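Let me begin by presenting the structure, written as structure tokens, before commenting on it.
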There are 2 protein chains.
Amino acid sequence: MQINKVELADSFWDFYRDAVRTKMLPYQWRVINDEVPTPTVKSANPYLNNQPSHAIRNLRIAAGEVNGHFSGYRFQDSDVYKWLEAVAYVLEAGCDEELKAHADAVVALVGRAQATDGYLDTYIQIDHPEAKFKHVSMSHELYVMGHYIEAGVAYNHATGNQAALMIARKMADCLDHNFGPEAGKMHGYPGHPEIELALAKLADATGAERYYKLAAYMLDQRGKQPDNFFHQQSADRRETGSLDELDRQNAEPEDDYFQNDRPIRALKRGEGHAVRMVYLLTGMARVARHTHDAELLAKCAQIWRHITNRQMYITGGIGADPWHEGFGPDYYLPNSTAYCETCAACGMVFFTQQLLLEDPQAEYADLIERELYNGIISGMALDAEHFFYVNPLAVDPAEITADKGREHVLPERPSWLACACCPPNLARVVAALHHYIYTSNADTVYVQQFISSRAQFANGVTVAQVSALPWNGKTTLTVTAPKPSDFTLAIRVPYWCNGQLTVTIDGIPGKTQVDADGYCRISRSWDDTTKVNVEFAMAPRLVWANPRVAADVNKVAIQNGPIVYAAEEVDNGPRLATIAIDPYVPLRIGQQVPIAMGKKVPAIQLDAVRKQNSGKPFSSVKPVTESMELTLIPYFAWANRGVNEMTVWLNEKI
Amino acid sequence: MQINKVELADSFWDFYRDAVRTKMLPYQWRVINDEVPTPTVKSANPYLNNQPSHAIRNLRIAAGEVNGHFSGYRFQDSDVYKWLEAVAYVLEAGCDEELKAHADAVVALVGRAQATDGYLDTYIQIDHPEAKFKHVSMSHELYVMGHYIEAGVAYNHATGNQAALMIARKMADCLDHNFGPEAGKMHGYPGHPEIELALAKLADATGAERYYKLAAYMLDQRGKQPDNFFHQQSADRRETGSLDELDRQNAEPEDDYFQNDRPIRALKRGEGHAVRMVYLLTGMARVARHTHDAELLAKCAQIWRHITNRQMYITGGIGADPWHEGFGPDYYLPNSTAYCETCAACGMVFFTQQLLLEDPQAEYADLIERELYNGIISGMALDAEHFFYVNPLAVDPAEITADKGREHVLPERPSWLACACCPPNLARVVAALHHYIYTSNADTVYVQQFISSRAQFANGVTVAQVSALPWNGKTTLTVTAPKPSDFTLAIRVPYWCNGQLTVTIDGIPGKTQVDADGYCRISRSWDDTTKVNVEFAMAPRLVWANPRVAADVNKVAIQNGPIVYAAEEVDNGPRLATIAIDPYVPLRIGQQVPIAMGKKVPAIQLDAVRKQNSGKPFSSVKPVTESMELTLIPYFAWANRGVNEMTVWLNEKI
């Protein structure tokens, strides 16, 4: 049952999708065109120090239309492409003339900037032509071209723009010409994976098998000779003295930072830079699905399990190691120093979606839900104009300056980031949300996410969903079949309802058996209109982390449905670390708390205690406590009410 | 009752004092003479990367005896002077011909290196003569001369070497000639306090009041015009281009790093670089005592209280902020990122001793005891040849590389440190321990520390102490008065016995009243020999931190008498963070645990639980636990049995 189209109209997500369309993408457009005054951010982290984007200007210079030098990060081009890709998903959902006009112009500009051989990387073209393909470990050439290819495919799909696809093909052909096993080609692969998944998308869009072949080649080549990057750099250092800064950066990372220390089939866990890892895994899974490589698919699933069991925060955040923006040791998940890059949460969705498409297991969709409602949208302020790159789970603004381990942590979202990878990544996930609600195979329609929407299938069936999630467990699925159709409706039973659900089919109770894969199935001949009401038990509940996670021992978190809650100082006063809660205390859905821009969220309230200042540094008696009412808000909504303390994990009362 | 001499023979401290005399000082001698092969340390912290010391060679070059350039830190000279000072204290306790021969030679060398005007700083003299006194914020000129003055005074006192004192006077005269309120002199003060306390010592040794005057001037001038350093640097940047590296370093610190943001009388708490702060406070207290400046003394006492109540770890460690090697916000005392420089603990003893001499309060001696038995000797391995600069309260070696906040933390003591301030500082405290046991005034002898020793007083009285501390609360004080003498023996009642003590005088129970200042007094006419037996209640006990300390909420530490205990992986298996203890569990004095070099320490053992791996990242049920026996050893003895986990604070069982 092929999905033709999914339209989305959801009380929770419309806010985000409208914000992306009406505020974030227009704002990002102005940023990449240097039309936004540069705000300053006080941080030791250079990624947070703002500079004009210069991204469109770089393309203009490469196209020979204006003079000047390249400015920005070497991967600055990708800001434009991710913006274009997000616009494509917006246009899939309905037209926006202004965005489309800008996007068409961008496609045309990209076409003019592209070299005749298909190559396009403005950093290299403008200022370092001698270094073309000579620094692939850190140059990001294949990374930015990968992002263009993703955007071009999406934009062509959404609008039919042929030039968008043609540019992508020319790029891919250029890469195919330069990389591969044949003599005379480079036997290399990029430091930052991305091109692999992009080539797979392009192959799917065009039917050109050779793009899959090239992607598979780069994947299998990776890590076979870990000193490959080093040799390339050493060779090039003699040739291109102009790239000193690049060389210095190249010299730094260890091979595992690039997932380059061993062949991909020998990987076992999340290692190195988190975004690189999940982009690599997405490419691995896409290629393995296409080639029916069961071994590689099993490897992907095993790494997914390792990451989600041992290397992931409750918010879905990954990347505990701020040195490498990467994965830490197993169970190393400190809350106040977490990196949890918004991009990494996005990448985790891309990867997981591939596993879900291959092997529909509710746990994959559970994880996508965890990412969507927590670690991804936490990257955006409710004004849609301020963004987090780093998403910590505990912040004490007074402590940040004293702790070397928190130099990357900001207590509020800045309006833009010099390294602007995250905001457009968030935009493209939110804009593409309609791709994550349903999946299907020959005889089954899977309802993976509970988001109000309407799916049309190629056989004429429609599934209209009205869901009260994430605030309430009720969902109505109205299945309309113009002619009798035998198929299974497989409804994901979210982990958080603990198997407690009710189902009615046209008012008659249905079975609520949860199959081993986590779905509740209704198999029947659907005819005319059938109304399926599903209600998942949803109540605020305590969550304990695996005690192996040292940072969370003696602590609990609170979740309601998919939403992870957090305590903020503005609701609870300072010193959140002195608050303790009895694990048997009733949790009450509290009042709607106004957060920002007229937006309110339902609080959770409970009785708690605050450990009192003993007045002594050390004491041989237990601290005394006083009662308080604790108010929690959804984690994604934190840091919208000024700089203040926040924590997800709360002390258990002793 | 003036103290003439204190001789020490103590079962606990003899080990350390012998180690200092027979191993550490000879080893340091070889280090400063570049006779020790340079070991390599893997650390991002440049202070830990070893280089040959070059310290003696620098003096030789300055003396014109060999050619070459300066090498080492700008304050490298002080390594020699602190070594010399430690040797002086060793020689006070009894002769060591070899050390004395080396020390006499050092004094002679220093005399030859000293400029005719009294100036001596080899960094400036050898390679940067044009910068003399032009970078006092970061140059350490006055710091190294201060350390020489301390050493010269001590060495003269111990050995009668006149040259040692003469060099110190010439230096001080040079400073007096260049700094002061008079027109034509510099109205400045150094970035790193030290000269103030040194000038006070010199004034006491020589009776030359003008050294006190100069010290007082520098103290009172400090922070009055916080931009003073900046102006000096700016002016000099134009003059001395050769000092670029110095300028860069100068540009970095904020004024509060130097305690330069306000006048000293406006200081309120530990701020900035911890060693600078406690050296400054030591100078302030010394000068205030001499000038009977009640306001300044009260200020010192208030800052002492602030630091000990809100900015100090249970080990006596200070400096929670590794960025600045400095004090953090109040109650910011994270265990795994602590700086707790060994030098800062030494400096805290110097400062506290001044307060104790001025105003005998048991809490000051309590604090000295806390530093001596925990934060200071933890700086030295039991082989006396490996040293900690940084003394964290929790270490997980597997996590160090992932946490930016722990780049300064080493999981084992290296054999030397490029920035070698700490080992000789530890040596001079341990070597000078006999100065901390007793204090006195006209009619009272205070027993401040319980360390087996014999004190001779000017009036012929002797107090011979035999103490079983720190392992047992029993002490015998044998007072011998050759003729009847009326005086008070004031015995400190340590905080850890909670007022529980027994006293017998020649076998007859004495009163055990603890006065408001924390002493138990025996006032009588002492005649012939009187045996006072004191026993303080000592048993292992739990300690809670002030709940304001976020890092220690839901945690307890275990102390026995003055000794803070810690759990190590070698005794308890990995994942110390998963262990939890019931606060009502009996604590047993366990077996003697062999640590290193044949040395054993008594363990504390107790029943505990280990939270088990739940196999799930998040769970709605509490973690299950399994029983275990927990073994703790004294904190100071940790990291002598290989790289492993350690923690002082343990989870309370929920």
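Ordered as shown in the structure tokens, chains take letters A, B, and onward, while each chain numbers its residues from 1 and ligands are numbered from 1 in the order shown.
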
Check your understanding: Please, which residues of chain A lie no more than 8 Å from chain B when the count uses only C-alpha atoms, and can they be set out as an NGL selection string?
Key -> :A and (308-310 or 312 or 314 or 320-323 or 328-329 or 332 or 337 or 398-399 or 402-406 or 541-548 or 550 or 553-554 or 575 or 577-578 or 611-623 or 651-654)

Name the residues in contact with Val80 of chain A at a cut-off of 7 Å, using only C-alpha atoms, excluding same-chain residues fewer than 3 positions from it; report them as a PDB file with N, CA, C and O atoms, in the first residue's frame.
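What ended up in out24.pdb:
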ATOM      1  N   ILE A  32      21.416  33.964   5.814  1.00  0.00           N
ATOM      2  CA  ILE A  32      22.384  33.503   4.801  1.00  0.00           C
ATOM      3  C   ILE A  32      22.642  34.586   3.757  1.00  0.00           C
ATOM      4  O   ILE A  32      23.629  34.537   3.033  1.00  0.00           O
ATOM      5  N   ALA A  55      26.965  33.029   3.306  1.00  0.00           N
ATOM      6  CA  ALA A  55      26.790  31.763   2.578  1.00  0.00           C
ATOM      7  C   ALA A  55      26.306  32.002   1.139  1.00  0.00           C
ATOM      8  O   ALA A  55      26.829  31.398   0.195  1.00  0.00           O
ATOM      9  N   ASP A  77      28.454  26.372   2.744  1.00  0.00           N
ATOM     10  CA  ASP A  77      27.491  26.096   1.670  1.00  0.00           C
ATOM     11  C   ASP A  77      26.296  25.285   2.168  1.00  0.00           C
ATOM     12  O   ASP A  77      25.167  25.462   1.704  1.00  0.00           O
ATOM     13  N   TRP A  83      18.690  24.811   4.165  1.00  0.00           N
ATOM     14  CA  TRP A  83      17.552  25.730   4.059  1.00  0.00           C
ATOM     15  C   TRP A  83      16.693  25.326   2.857  1.00  0.00           C
ATOM     16  O   TRP A  83      15.472  25.222   2.961  1.00  0.00           O
ATOM     17  N   LEU A  84      17.330  25.073   1.728  1.00  0.00           N
ATOM     18  CA  LEU A  84      16.603  24.705   0.505  1.00  0.00           C
ATOM     19  C   LEU A  84      15.819  23.404   0.707  1.00  0.00           C
ATOM     20  O   LEU A  84      14.665  23.284   0.288  1.00  0.00           O
TER      21      LEU A  84
END

Review point. Counting only C-alpha atoms, what is within 9 Å of segment 361-373 of chain B, bar same-chain residues fewer than 5 positions away, as a PyMOL selection string?
Key: chain B and resi 308+314-317+345-346+348-350+352-353+355-356+378+429-430+436+448-449+470+491-496+516-519+562-564+635-636

Those residues with N, CA and C atoms, as a compact mmCIF listing (two decimals), in the first residue's frame please?
# COMPACT_ATOMS: atom_id res chain seq x y z
N THR B 308 36.08 28.63 54.55
CA THR B 308 35.92 27.30 55.16
C THR B 308 34.46 26.86 55.20
N ILE B 314 35.87 18.82 51.86
CA ILE B 314 36.05 18.13 53.15
C ILE B 314 37.52 17.76 53.40
N THR B 315 38.28 17.67 52.34
CA THR B 315 39.71 17.37 52.47
C THR B 315 40.54 18.60 52.84
N GLY B 316 39.86 19.75 52.96
CA GLY B 316 40.59 21.00 53.14
C GLY B 316 40.99 21.62 51.82
N GLY B 317 40.70 20.94 50.73
CA GLY B 317 41.04 21.47 49.40
C GLY B 317 40.29 22.75 49.09
N ALA B 345 46.40 24.24 49.55
CA ALA B 345 46.20 23.67 50.89
C ALA B 345 47.34 24.11 51.81
N CYS B 346 48.57 24.14 51.28
CA CYS B 346 49.71 24.64 52.07
C CYS B 346 49.47 26.09 52.47
N MET B 348 46.73 27.67 52.75
CA MET B 348 45.65 27.77 53.74
C MET B 348 46.19 27.52 55.15
N VAL B 349 47.18 26.65 55.26
CA VAL B 349 47.83 26.43 56.56
C VAL B 349 48.60 27.67 57.00
N PHE B 350 49.34 28.27 56.05
CA PHE B 350 50.12 29.47 56.41
C PHE B 350 49.18 30.57 56.92
N THR B 352 46.03 30.26 58.07
CA THR B 352 45.32 29.89 59.30
C THR B 352 46.23 29.98 60.52
N GLN B 353 47.49 29.64 60.32
CA GLN B 353 48.45 29.72 61.43
C GLN B 353 48.56 31.15 61.95
N LEU B 355 46.16 33.41 61.91
CA LEU B 355 44.95 33.69 62.69
C LEU B 355 45.03 33.01 64.05
N LEU B 356 45.56 31.80 64.05
CA LEU B 356 45.67 31.04 65.30
C LEU B 356 46.64 31.72 66.27
N SER B 378 47.94 14.22 50.61
CA SER B 378 47.44 13.55 49.40
C SER B 378 48.27 13.96 48.19
N VAL B 429 56.12 22.41 54.21
CA VAL B 429 55.13 22.29 55.29
C VAL B 429 55.46 21.10 56.18
N VAL B 430 55.71 19.96 55.55
CA VAL B 430 55.99 18.75 56.35
C VAL B 430 57.28 18.95 57.17
N TYR B 436 53.89 23.84 64.13
CA TYR B 436 52.42 23.89 64.18
C TYR B 436 51.83 23.17 65.39
N GLN B 448 48.09 22.42 70.12
CA GLN B 448 47.23 22.62 68.96
C GLN B 448 47.10 21.34 68.12
N GLN B 449 48.19 20.61 68.02
CA GLN B 449 48.15 19.37 67.24
C GLN B 449 48.61 18.21 68.10
N PRO B 470 46.81 9.80 64.11
CA PRO B 470 45.38 9.98 63.86
C PRO B 470 44.54 8.72 64.00
N ILE B 491 44.33 22.51 75.95
CA ILE B 491 44.38 21.38 75.02
C ILE B 491 43.24 21.54 74.03
N ARG B 492 43.58 21.58 72.75
CA ARG B 492 42.51 21.68 71.75
C ARG B 492 41.63 20.44 71.81
N VAL B 493 40.34 20.66 71.84
CA VAL B 493 39.38 19.55 71.76
C VAL B 493 38.90 19.50 70.31
N PRO B 494 39.35 18.50 69.56
CA PRO B 494 39.06 18.51 68.12
C PRO B 494 37.56 18.41 67.84
N TYR B 495 37.14 19.08 66.78
CA TYR B 495 35.71 19.10 66.39
C TYR B 495 35.17 17.68 66.24
N TRP B 496 36.03 16.75 65.83
CA TRP B 496 35.53 15.43 65.47
C TRP B 496 35.18 14.56 66.67
N ALA B 516 34.57 28.09 75.34
CA ALA B 516 33.94 28.60 74.11
C ALA B 516 34.92 28.63 72.94
N ASP B 517 36.19 28.78 73.23
CA ASP B 517 37.17 28.82 72.15
C ASP B 517 37.63 27.43 71.72
N GLY B 518 37.04 26.39 72.35
CA GLY B 518 37.30 25.04 71.89
C GLY B 518 38.46 24.34 72.60
N TYR B 519 38.95 24.93 73.68
CA TYR B 519 40.06 24.31 74.41
C TYR B 519 39.58 23.79 75.76
N PRO B 562 40.48 12.84 62.37
CA PRO B 562 40.69 13.87 61.36
C PRO B 562 40.77 13.32 59.94
N ILE B 563 40.81 12.00 59.81
CA ILE B 563 41.09 11.40 58.51
C ILE B 563 39.82 11.23 57.71
N VAL B 564 39.82 11.80 56.51
CA VAL B 564 38.73 11.60 55.55
C VAL B 564 39.02 10.32 54.78
N TYR B 635 41.87 8.97 52.52
CA TYR B 635 41.97 9.69 51.24
C TYR B 635 43.42 9.94 50.85
N PHE B 636 44.25 10.29 51.84
CA PHE B 636 45.63 10.66 51.47
C PHE B 636 46.39 9.50 50.83

Find the spatial neighbours of Thr122 of chain A, counting only C-alpha atoms, within a cut-off of 12 Å - ignore same-chain residues fewer than 4 positions away - and output them as an mmCIF file with N, CA, C and O atoms, in the first residue's frame.
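Result file follows (around_30.cif):
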data_model
loop_
_atom_site.group_PDB
_atom_site.id
_atom_site.type_symbol
_atom_site.label_atom_id
_atom_site.label_comp_id
_atom_site.auth_asym_id
_atom_site.auth_seq_id
_atom_site.Cartn_x
_atom_site.Cartn_y
_atom_site.Cartn_z
ATOM 1 N N HIS A 54 27.503 34.955 5.151
ATOM 2 C CA HIS A 54 28.246 35.021 3.899
ATOM 3 C C HIS A 54 27.937 33.844 2.973
ATOM 4 O O HIS A 54 28.569 33.678 1.918
ATOM 5 N N ALA A 55 26.965 33.029 3.306
ATOM 6 C CA ALA A 55 26.790 31.763 2.578
ATOM 7 C C ALA A 55 26.306 32.002 1.139
ATOM 8 O O ALA A 55 26.829 31.398 0.195
ATOM 9 N N ILE A 56 25.314 32.857 0.950
ATOM 10 C CA ILE A 56 24.847 33.143 -0.413
ATOM 11 C C ILE A 56 25.940 33.882 -1.187
ATOM 12 O O ILE A 56 26.201 33.616 -2.364
ATOM 13 N N ARG A 57 26.585 34.801 -0.477
ATOM 14 C CA ARG A 57 27.654 35.571 -1.130
ATOM 15 C C ARG A 57 28.773 34.654 -1.633
ATOM 16 O O ARG A 57 29.322 34.868 -2.719
ATOM 17 N N ASN A 58 29.107 33.632 -0.859
ATOM 18 C CA ASN A 58 30.123 32.677 -1.317
ATOM 19 C C ASN A 58 29.722 32.051 -2.657
ATOM 20 O O ASN A 58 30.551 31.907 -3.563
ATOM 21 N N LEU A 59 28.445 31.693 -2.774
ATOM 22 C CA LEU A 59 27.965 31.101 -4.031
ATOM 23 C C LEU A 59 28.058 32.119 -5.174
ATOM 24 O O LEU A 59 28.438 31.788 -6.299
ATOM 25 N N ARG A 60 27.713 33.375 -4.861
ATOM 26 C CA ARG A 60 27.795 34.428 -5.892
ATOM 27 C C ARG A 60 29.238 34.612 -6.370
ATOM 28 O O ARG A 60 29.491 34.784 -7.561
ATOM 29 N N ILE A 61 30.144 34.583 -5.407
ATOM 30 C CA ILE A 61 31.552 34.755 -5.781
ATOM 31 C C ILE A 61 31.999 33.574 -6.651
ATOM 32 O O ILE A 61 32.638 33.750 -7.692
ATOM 33 N N ALA A 62 31.618 32.368 -6.222
ATOM 34 C CA ALA A 62 31.993 31.180 -6.995
ATOM 35 C C ALA A 62 31.392 31.230 -8.400
ATOM 36 O O ALA A 62 31.997 30.751 -9.373
ATOM 37 N N ALA A 63 30.215 31.840 -8.514
ATOM 38 C CA ALA A 63 29.557 31.955 -9.819
ATOM 39 C C ALA A 63 30.166 33.067 -10.669
ATOM 40 O O ALA A 63 29.763 33.267 -11.817
ATOM 41 N N GLY A 64 31.112 33.809 -10.095
ATOM 42 C CA GLY A 64 31.761 34.883 -10.839
ATOM 43 C C GLY A 64 30.926 36.138 -10.944
ATOM 44 O O GLY A 64 31.199 37.016 -11.759
ATOM 45 N N GLY A 68 35.433 38.736 -4.381
ATOM 46 C CA GLY A 68 35.616 38.630 -2.939
ATOM 47 C C GLY A 68 36.217 37.297 -2.569
ATOM 48 O O GLY A 68 36.512 36.467 -3.427
ATOM 49 N N HIS A 69 36.423 37.149 -1.267
ATOM 50 C CA HIS A 69 36.960 35.891 -0.754
ATOM 51 C C HIS A 69 35.885 35.124 -0.013
ATOM 52 O O HIS A 69 34.882 35.680 0.413
ATOM 53 N N PHE A 70 36.141 33.868 0.129
ATOM 54 C CA PHE A 70 35.261 33.013 0.900
ATOM 55 C C PHE A 70 35.249 33.479 2.352
ATOM 56 O O PHE A 70 36.259 33.907 2.887
ATOM 57 N N SER A 71 34.119 33.368 3.014
ATOM 58 C CA SER A 71 34.049 33.645 4.446
ATOM 59 C C SER A 71 33.094 32.647 5.099
ATOM 60 O O SER A 71 32.106 32.234 4.500
ATOM 61 N N GLY A 72 33.409 32.281 6.331
ATOM 62 C CA GLY A 72 32.548 31.347 7.067
ATOM 63 C C GLY A 72 33.266 30.036 7.300
ATOM 64 O O GLY A 72 34.455 29.895 7.016
ATOM 65 N N TYR A 73 32.556 29.083 7.848
ATOM 66 C CA TYR A 73 33.128 27.747 8.010
ATOM 67 C C TYR A 73 33.261 27.098 6.643
ATOM 68 O O TYR A 73 32.555 27.456 5.702
ATOM 69 N N ARG A 74 34.146 26.128 6.564
ATOM 70 C CA ARG A 74 34.353 25.482 5.271
ATOM 71 C C ARG A 74 33.083 24.820 4.749
ATOM 72 O O ARG A 74 32.939 24.635 3.559
ATOM 73 N N PHE A 75 32.185 24.510 5.667
ATOM 74 C CA PHE A 75 30.945 23.846 5.253
ATOM 75 C C PHE A 75 29.784 24.833 5.175
ATOM 76 O O PHE A 75 28.630 24.454 5.280
ATOM 77 N N GLN A 76 30.131 26.111 4.981
ATOM 78 C CA GLN A 76 29.092 27.152 4.981
ATOM 79 C C GLN A 76 28.027 26.907 3.900
ATOM 80 O O GLN A 76 26.855 27.185 4.110
ATOM 81 N N ASP A 77 28.454 26.372 2.744
ATOM 82 C CA ASP A 77 27.491 26.096 1.670
ATOM 83 C C ASP A 77 26.296 25.285 2.168
ATOM 84 O O ASP A 77 25.167 25.462 1.704
ATOM 85 N N SER A 78 26.570 24.386 3.124
ATOM 86 C CA SER A 78 25.493 23.480 3.541
ATOM 87 C C SER A 78 24.361 24.220 4.242
ATOM 88 O O SER A 78 23.231 23.734 4.270
ATOM 89 N N VAL A 80 22.959 26.840 3.156
ATOM 90 C CA VAL A 80 22.030 27.170 2.067
ATOM 91 C C VAL A 80 21.256 25.922 1.646
ATOM 92 O O VAL A 80 20.036 25.951 1.441
ATOM 93 N N VAL A 110 22.965 28.163 -7.555
ATOM 94 C CA VAL A 110 23.800 26.980 -7.365
ATOM 95 C C VAL A 110 24.243 26.447 -8.736
ATOM 96 O O VAL A 110 25.408 26.084 -8.934
ATOM 97 N N ARG A 112 24.711 28.134 -11.404
ATOM 98 C CA ARG A 112 25.740 29.011 -11.971
ATOM 99 C C ARG A 112 27.075 28.857 -11.254
ATOM 100 O O ARG A 112 28.144 29.026 -11.844
ATOM 101 N N ALA A 113 27.000 28.555 -9.963
ATOM 102 C CA ALA A 113 28.234 28.409 -9.183
ATOM 103 C C ALA A 113 28.917 27.071 -9.447
ATOM 104 O O ALA A 113 30.132 26.927 -9.250
ATOM 105 N N GLN A 114 28.154 26.113 -9.883
ATOM 106 C CA GLN A 114 28.711 24.767 -10.096
ATOM 107 C C GLN A 114 29.746 24.795 -11.226
ATOM 108 O O GLN A 114 29.518 25.401 -12.276
ATOM 109 N N ALA A 115 30.857 24.120 -10.994
ATOM 110 C CA ALA A 115 31.885 24.045 -12.040
ATOM 111 C C ALA A 115 31.403 23.145 -13.181
ATOM 112 O O ALA A 115 30.464 22.354 -13.005
ATOM 113 N N ILE A 126 36.762 29.247 -4.559
ATOM 114 C CA ILE A 126 37.113 30.667 -4.476
ATOM 115 C C ILE A 126 38.578 30.862 -4.090
ATOM 116 O O ILE A 126 39.315 31.583 -4.751
ATOM 117 N N ASP A 127 38.988 30.200 -3.026
ATOM 118 C CA ASP A 127 40.297 30.544 -2.471
ATOM 119 C C ASP A 127 41.333 29.425 -2.476
ATOM 120 O O ASP A 127 42.505 29.672 -2.189
ATOM 121 N N HIS A 128 40.898 28.188 -2.691
ATOM 122 C CA HIS A 128 41.861 27.090 -2.588
ATOM 123 C C HIS A 128 41.706 26.064 -3.699
ATOM 124 O O HIS A 128 41.653 24.863 -3.419
ATOM 125 N N PRO A 129 41.635 26.509 -4.955
ATOM 126 C CA PRO A 129 41.366 25.540 -6.032
ATOM 127 C C PRO A 129 42.413 24.429 -6.093
ATOM 128 O O PRO A 129 42.108 23.310 -6.508
ATOM 129 N N ALA A 131 43.522 22.782 -3.763
ATOM 130 C CA ALA A 131 43.316 21.759 -2.726
ATOM 131 C C ALA A 131 42.118 20.865 -3.016
ATOM 132 O O ALA A 131 41.746 20.046 -2.172
ATOM 133 N N LYS A 132 41.548 21.008 -4.200
ATOM 134 C CA LYS A 132 40.345 20.228 -4.551
ATOM 135 C C LYS A 132 40.544 18.730 -4.298
ATOM 136 O O LYS A 132 41.486 18.130 -4.819
ATOM 137 N N SER A 139 37.867 18.634 4.819
ATOM 138 C CA SER A 139 37.465 19.717 3.913
ATOM 139 C C SER A 139 35.959 19.887 3.793
ATOM 140 O O SER A 139 35.496 20.947 3.428
ATOM 141 N N HIS A 140 35.202 18.867 4.071
ATOM 142 C CA HIS A 140 33.738 18.946 3.955
ATOM 143 C C HIS A 140 33.253 19.124 2.509
ATOM 144 O O HIS A 140 32.094 19.465 2.294
ATOM 145 N N GLU A 141 34.109 18.896 1.498
ATOM 146 C CA GLU A 141 33.632 19.040 0.110
ATOM 147 C C GLU A 141 32.490 18.059 -0.179
ATOM 148 O O GLU A 141 31.459 18.431 -0.728
ATOM 149 N N VAL A 144 29.252 19.012 1.835
ATOM 150 C CA VAL A 144 28.367 20.061 1.312
ATOM 151 C C VAL A 144 27.694 19.587 0.028
ATOM 152 O O VAL A 144 26.510 19.862 -0.193
ATOM 153 N N MET A 145 28.412 18.859 -0.809
ATOM 154 C CA MET A 145 27.759 18.358 -2.031
ATOM 155 C C MET A 145 26.649 17.364 -1.668
ATOM 156 O O MET A 145 25.588 17.354 -2.279
#

Review point. Could you pull the residues within 8 Å of Gln605 of chain A, counting only C-alpha atoms, minus those fewer than 2 positions along the same chain, as a ChimeraX atom specification?
Key: /A:587-590,603,607,629-632

Practice item. Identify, on the basis of only C-alpha atoms, every residue whose closest approach to Gly283 of chain A does not exceed 9 Å; exclude the query and any residue fewer than 2 positions from it along the same chain; express the result as a VMD selection string. Key: chain A and resid 193 to 200 215 to 216 219 278 to 281 285 to 288 351

Exercise for review: Within 10 Å of Ala103 of chain B, counting only C-alpha atoms, which residues show up once you throw out same-chain ones fewer than 6 positions away? Write them as a list in words, please.
Suggested key: Trp29, Val80, Tyr81, Trp83, Leu84, Glu85, Val87, Ala88, Glu97, Leu109, Tyr155 and Ala164 of chain B

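When atom CA of Gln259 of chain B is paired with atom CA of Arg222 of chain B, their separation reads 8.0 Å.
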
Point to revise | atom CA of Val409 of chain A to atom CA of Ala274 of chain B, distance in Å rounded to a single decimal | key: 24.8 Å

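Atom CA of Cys343 of chain B is found 24.2 Å from atom CA of Arg265 of chain B.
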